[in-house]
Amino acid sequence: MACICPIDLQFAPEISALLQSPPSHETQEYFDNLIAERPCHGVKVKLDGELGKGVYADAEFKDGELVLKDQILVGSQHSTNKMDCFVCGSCFRFIGSIELQIGRKLYFKGLGASSSNHCPSDSSDEEDNSCAIEDANLGECSASVSKGGIALSQEFIESLMGGQLLLPYSEKFSLPSPCPCPGGCGEEFYCSKSCADIDWETCHSLLCSSEKSKPSCRRALSKFVEHANDTNDIFILAAKVIAMTSLRYKSLKEAHLKEVGSIAPRDATVNLSLLLEAWKPVSLGYKKRWWDCIALPEDVENCNEAVFRLQLKELAFESLQLLKEAIFDEECAPLFSLEIYGHIVGMFELNNLDLVVASPVEDYFLYVDDLPGSPKKAAEAVTRPILDALDDGYSICCEGTAFFPLQSCMNHSCCPNAKAFKRDNDRDGQATIIALRPIQIGEEVTISYIDEDLPYEERQKLLADYGFRCKCRKCLEEKAN
Ligand SMILES: C[S@@+](CC[C@H](N)C(=O)[O-])C[C@H]1O[C@@H](n2cnc3c(N)ncnc32)[C@H](O)[C@@H]1O
């Protein structure tokens, strides 16, 4: 396939402007404002470190103290994880109820769709548990959920999902009621109207597959999502970035028009400066072209490197064509160039943090397990069969990938002084960075992108995926020896 994208030729100067870093005073101002908006102010982004941008301590931190909490710029839950965890499409908090979370898991498991299907390991347990469920009078043992242990009836699963059946002590783990997508697509749900509105205004209004959108766009969008799920789900994040930038452009243009009255239709300078402003949050992320920056997998020989990289480029090209059919906007045409698309995907590959939110379903079962004698026995008569049917699926976290504007400025060290770590009360998708030892004012805050306890060469191999060989103190010392 020839990856010829006419937009790349037609808008070459605009594309190169989009890929240039903004002037340093603008960049500094942007990060200072971001830090001022966040709940922790003890850090500063410096632009001129040995490794480019970096995050530095502006206050002292004790071992275990929170250094930074960063909000997602764009993030998404892995498609396979959606069957196990019902979360807000904007902040990734769990929503609904413990019963709904469990009912959905069992329902999808029954369809063979969950990512957590396991075979029963102990048949004697099955007998015990079917008694328990009969004791609790919760349903007949039909074949609705059979792979993970004992079977629970379809009616039982439906009454969990429908809220007719309440599990003991579940009120102690109450979750926000699901708020549907304002466009009515029935695919995205949120923890609040404000999260729904934020996502709608940020990007979902362009990516919503509701009946209200044009059927041709809807079909293209669904093909785009299917292609991303089959190939690389980072394409879904790239679509969110393009939608977000187009919508920011529109609102900046509206504000500009209110101020100046009108823009001459061909005033490309104003349009470009508005597009650059809309793109600023993305322009500041460290980026390279996706097909150039990722490390050659071990099973691809060096002599096949060019073919491998061309295949990645073709994949990005296919994905971009589908996205263009769905949401192309003439005024933001440079965003739909292959060069920009490749750089957005590359930015995610080089910077993204795993998105992880612990499951309240696991907390619920641990709570029941910790109850004293007879309350535990009574509760377990109901919960034990469910736990067995879920197998180890009961503890699955919300998992995805996200780009965080401040955290992504943190450089790597194989002897880091901080790490990304979720504490018990961190129940949404924000990134939390915790000090691993005391950090002095002025010290650079570093995290490890990989397992830093691995031997030197293995660390370098893994860091090649992030496009560099490590220059931290530990690596420089080990290399010298
Ligand atoms: C997530 S970004 C970190 C911020 C980056 N310094 C910037 O200017 O935006 C990761 C990139 O920073 C550089 N980097 C981070 N840690 C490094 C290290 N220990 N040794 C060498 N380069 C590093 C590499 O270029 C890497 O691809």
# chains A, B, ... in the order shown; residues from 1 in each chain; ligands from 1
>>> residues_near_ligand(ligand="ligand 1", cutoff="8 Å", atoms="only C-alpha atoms and all ligand atoms", output="ChimeraX atom specification")
/A:47,49,51-54,284-287,350-352,407-414,466-472
>>> select_by_dssp(residues="region 40-288 of chain A", states="helix (DSSP H, G or I)", output="number ranges by chain")
A: 79-83, 98-110, 123-135, 154-162, 170-173, 193-207, 215-230, 234-260, 268-283
>>> select_by_dssp(residues="region 31-231 of chain A", states="strand (DSSP E)", output="list in words")
Val43, Lys44, Val45, Lys46, Leu47, Asp48, Gly49, Gly52, Lys53, Gly54, Val55, Tyr56, Ala57, Leu66, Val67, Leu68, Lys69, Asp70, Val74, Gly75, Ser76, Gln77, Cys179, Pro180, Phe189 and Tyr190 of chain A
>>> atom_distance(atom1="CA of Ser216 (chain A)", atom2="CA of Leu312 (chain A)")
26.7 Å
>>> closest_residue(among="A:Asp58, A:Asp391, A:Asp299, A:Glu452", to="Asp32 (chain A)", atoms="only C-alpha atoms")
A:Asp58
>>> closest_atom_pairs(of="region 257-336 of chain A", to="region 455-464 of chain A", cutoff="10 Å", atoms="only C-alpha atoms", output="tab-separated table")
residue	atom	partner	partner_atom	distance
A:Cys293	CA	A:Ala464	CA	8.8
A:Ile294	CA	A:Ala464	CA	7.5
A:Ala295	CA	A:Ala464	CA	5.5
A:Leu296	CA	A:Ala464	CA	8.7
A:Glu298	CA	A:Lys461	CA	9.8
>>> write_last_selection(atoms="C-alpha atoms", output="CSV table (one decimal), in the first residue's frame")
chain,number,residue,atom,x,y,z
A,293,CYS,CA,10.6,5.5,17.4
A,294,ILE,CA,9.5,2.1,18.6
A,295,ALA,CA,12.2,-0.5,19.2
A,296,LEU,CA,12.5,-3.3,16.8
A,298,GLU,CA,13.1,-9.3,19.1
>>> residues_around(residues="Ser359 (chain A)", least_positions_apart="3", cutoff="9 Å", atoms="only C-alpha atoms", output="PDB file with N, CA and C atoms, in the first residue's frame")
ATOM      1  N   CYS A  85     -14.986  -3.998  34.165  1.00  0.00           N
ATOM      2  CA  CYS A  85     -15.077  -2.824  35.039  1.00  0.00           C
ATOM      3  C   CYS A  85     -15.928  -1.754  34.366  1.00  0.00           C
ATOM      4  N   PHE A  94     -15.094   3.970  39.393  1.00  0.00           N
ATOM      5  CA  PHE A  94     -16.110   2.913  39.238  1.00  0.00           C
ATOM      6  C   PHE A  94     -17.497   3.512  39.494  1.00  0.00           C
ATOM      7  N   GLU A 362     -13.293  -5.939  44.721  1.00  0.00           N
ATOM      8  CA  GLU A 362     -12.289  -6.651  45.524  1.00  0.00           C
ATOM      9  C   GLU A 362     -12.402  -6.216  46.986  1.00  0.00           C
ATOM     10  N   ASP A 363     -12.527  -4.897  47.203  1.00  0.00           N
ATOM     11  CA  ASP A 363     -12.661  -4.392  48.588  1.00  0.00           C
ATOM     12  C   ASP A 363     -13.883  -5.008  49.264  1.00  0.00           C
ATOM     13  N   TYR A 364     -14.958  -5.142  48.498  1.00  0.00           N
ATOM     14  CA  TYR A 364     -16.201  -5.684  49.057  1.00  0.00           C
ATOM     15  C   TYR A 364     -15.986  -7.117  49.558  1.00  0.00           C
ATOM     16  N   TYR A 394     -12.708 -11.470  40.356  1.00  0.00           N
ATOM     17  CA  TYR A 394     -13.307 -10.543  41.326  1.00  0.00           C
ATOM     18  C   TYR A 394     -12.410  -9.336  41.590  1.00  0.00           C
ATOM     19  N   SER A 395     -11.089  -9.497  41.329  1.00  0.00           N
ATOM     20  CA  SER A 395     -10.160  -8.433  41.747  1.00  0.00           C
ATOM     21  C   SER A 395      -9.644  -7.597  40.572  1.00  0.00           C
ATOM     22  N   ILE A 396     -10.235  -7.798  39.376  1.00  0.00           N
ATOM     23  CA  ILE A 396      -9.685  -7.082  38.211  1.00  0.00           C
ATOM     24  C   ILE A 396      -9.877  -5.565  38.340  1.00  0.00           C
ATOM     25  N   CYS A 397      -8.769  -4.832  38.130  1.00  0.00           N
ATOM     26  CA  CYS A 397      -8.794  -3.356  38.226  1.00  0.00           C
ATOM     27  C   CYS A 397      -9.255  -2.777  36.894  1.00  0.00           C
ATOM     28  N   CYS A 398      -9.609  -1.493  36.926  1.00  0.00           N
ATOM     29  CA  CYS A 398      -9.807  -0.782  35.665  1.00  0.00           C
ATOM     30  C   CYS A 398      -8.412  -0.567  35.082  1.00  0.00           C
ATOM     31  N   ARG A 427      -9.082   6.862  43.944  1.00  0.00           N
ATOM     32  CA  ARG A 427     -10.088   6.011  43.314  1.00  0.00           C
ATOM     33  C   ARG A 427     -10.479   6.467  41.920  1.00  0.00           C
TER      34      ARG A 427
END
>>> residues_around(residues="Asn229 (chain A)", least_positions_apart="2", cutoff="12 Å", atoms="only C-alpha atoms", output="number ranges by chain")
A: 76-81, 222-227, 231-237, 319
>>> write_last_selection(atoms="C-alpha atoms", output="PDB file, in the first residue's frame")
ATOM      1  CA  SER A  76      -8.931   5.359  27.573  1.00  0.00           C
ATOM      2  CA  GLN A  77      -9.875   2.072  29.190  1.00  0.00           C
ATOM      3  CA  HIS A  78      -8.662  -1.025  27.320  1.00  0.00           C
ATOM      4  CA  SER A  79     -11.592  -2.428  25.332  1.00  0.00           C
ATOM      5  CA  THR A  80     -11.217  -5.922  26.867  1.00  0.00           C
ATOM      6  CA  ASN A  81     -11.315  -4.404  30.366  1.00  0.00           C
ATOM      7  CA  SER A 222     -17.392   2.059  14.250  1.00  0.00           C
ATOM      8  CA  LYS A 223     -14.928   0.704  11.627  1.00  0.00           C
ATOM      9  CA  PHE A 224     -12.229   2.971  13.074  1.00  0.00           C
ATOM     10  CA  VAL A 225     -12.816   1.654  16.614  1.00  0.00           C
ATOM     11  CA  GLU A 226     -12.884  -1.953  15.409  1.00  0.00           C
ATOM     12  CA  HIS A 227      -9.591  -1.428  13.543  1.00  0.00           C
ATOM     13  CA  THR A 231      -4.418  -3.465  15.979  1.00  0.00           C
ATOM     14  CA  ASN A 232      -3.366  -0.783  18.476  1.00  0.00           C
ATOM     15  CA  ASP A 233      -5.839   0.819  20.883  1.00  0.00           C
ATOM     16  CA  ILE A 234      -3.559   3.872  21.117  1.00  0.00           C
ATOM     17  CA  PHE A 235      -5.281   4.961  17.850  1.00  0.00           C
ATOM     18  CA  ILE A 236      -8.392   5.639  19.968  1.00  0.00           C
ATOM     19  CA  LEU A 237      -6.380   8.077  22.070  1.00  0.00           C
ATOM     20  CA  SER A 319      -6.487   4.024  10.808  1.00  0.00           C
TER      21      SER A 319
END
>>> closest_residue(among="A:Ala326, A:Glu477, A:Pro360, A:Asp354", to="Ile450 (chain A)", atoms="only C-alpha atoms")
A:Asp354
>>> atom_distance(atom1="CA of Lys240 (chain A)", atom2="CA of Ala268 (chain A)")
24.8 Å
>>> closest_residue(among="A:Pro22, A:Pro180, A:Pro334, A:Gly96", to="Leu9 (chain A)", atoms="only C-alpha atoms")
A:Pro334
>>> residues_around(residues="Leu175 (chain A)", least_positions_apart="6", cutoff="12 Å", atoms="only C-alpha atoms", output="list in words")
Phe86, Val87, Cys88, Arg93, Phe94, Ile95, Gly96, Ser97, Ile98, Glu99, Leu100, Gln101, Tyr190, Cys191, Ser192, Ser359, Pro360, Val361, Tyr364 and Arg427 of chain A
>>> write_last_selection(atoms="C-alpha atoms", output="short mmCIF file (atom, residue, chain, number, x, y, z; two decimals), in the first residue's frame")
data_model
loop_
_atom_site.label_atom_id
_atom_site.label_comp_id
_atom_site.auth_asym_id
_atom_site.auth_seq_id
_atom_site.Cartn_x
_atom_site.Cartn_y
_atom_site.Cartn_z
CA PHE A 86 -17.87 -0.29 34.57
CA VAL A 87 -16.20 3.09 35.01
CA CYS A 88 -16.74 6.79 34.28
CA ARG A 93 -14.03 6.12 38.78
CA PHE A 94 -16.11 2.91 39.24
CA ILE A 95 -19.85 3.64 38.86
CA GLY A 96 -23.21 1.95 39.49
CA SER A 97 -23.16 -0.41 42.44
CA ILE A 98 -21.32 -3.46 43.68
CA GLU A 99 -24.27 -5.55 42.42
CA LEU A 100 -24.09 -3.98 38.94
CA GLN A 101 -20.31 -4.41 38.75
CA TYR A 190 -20.08 8.91 33.66
CA CYS A 191 -19.92 9.35 37.43
CA SER A 192 -21.64 12.76 37.28
CA SER A 359 -11.79 -2.29 42.07
CA PRO A 360 -14.35 -1.74 44.85
CA VAL A 361 -15.56 -5.31 44.14
CA TYR A 364 -16.20 -5.68 49.06
CA ARG A 427 -10.09 6.01 43.31
#
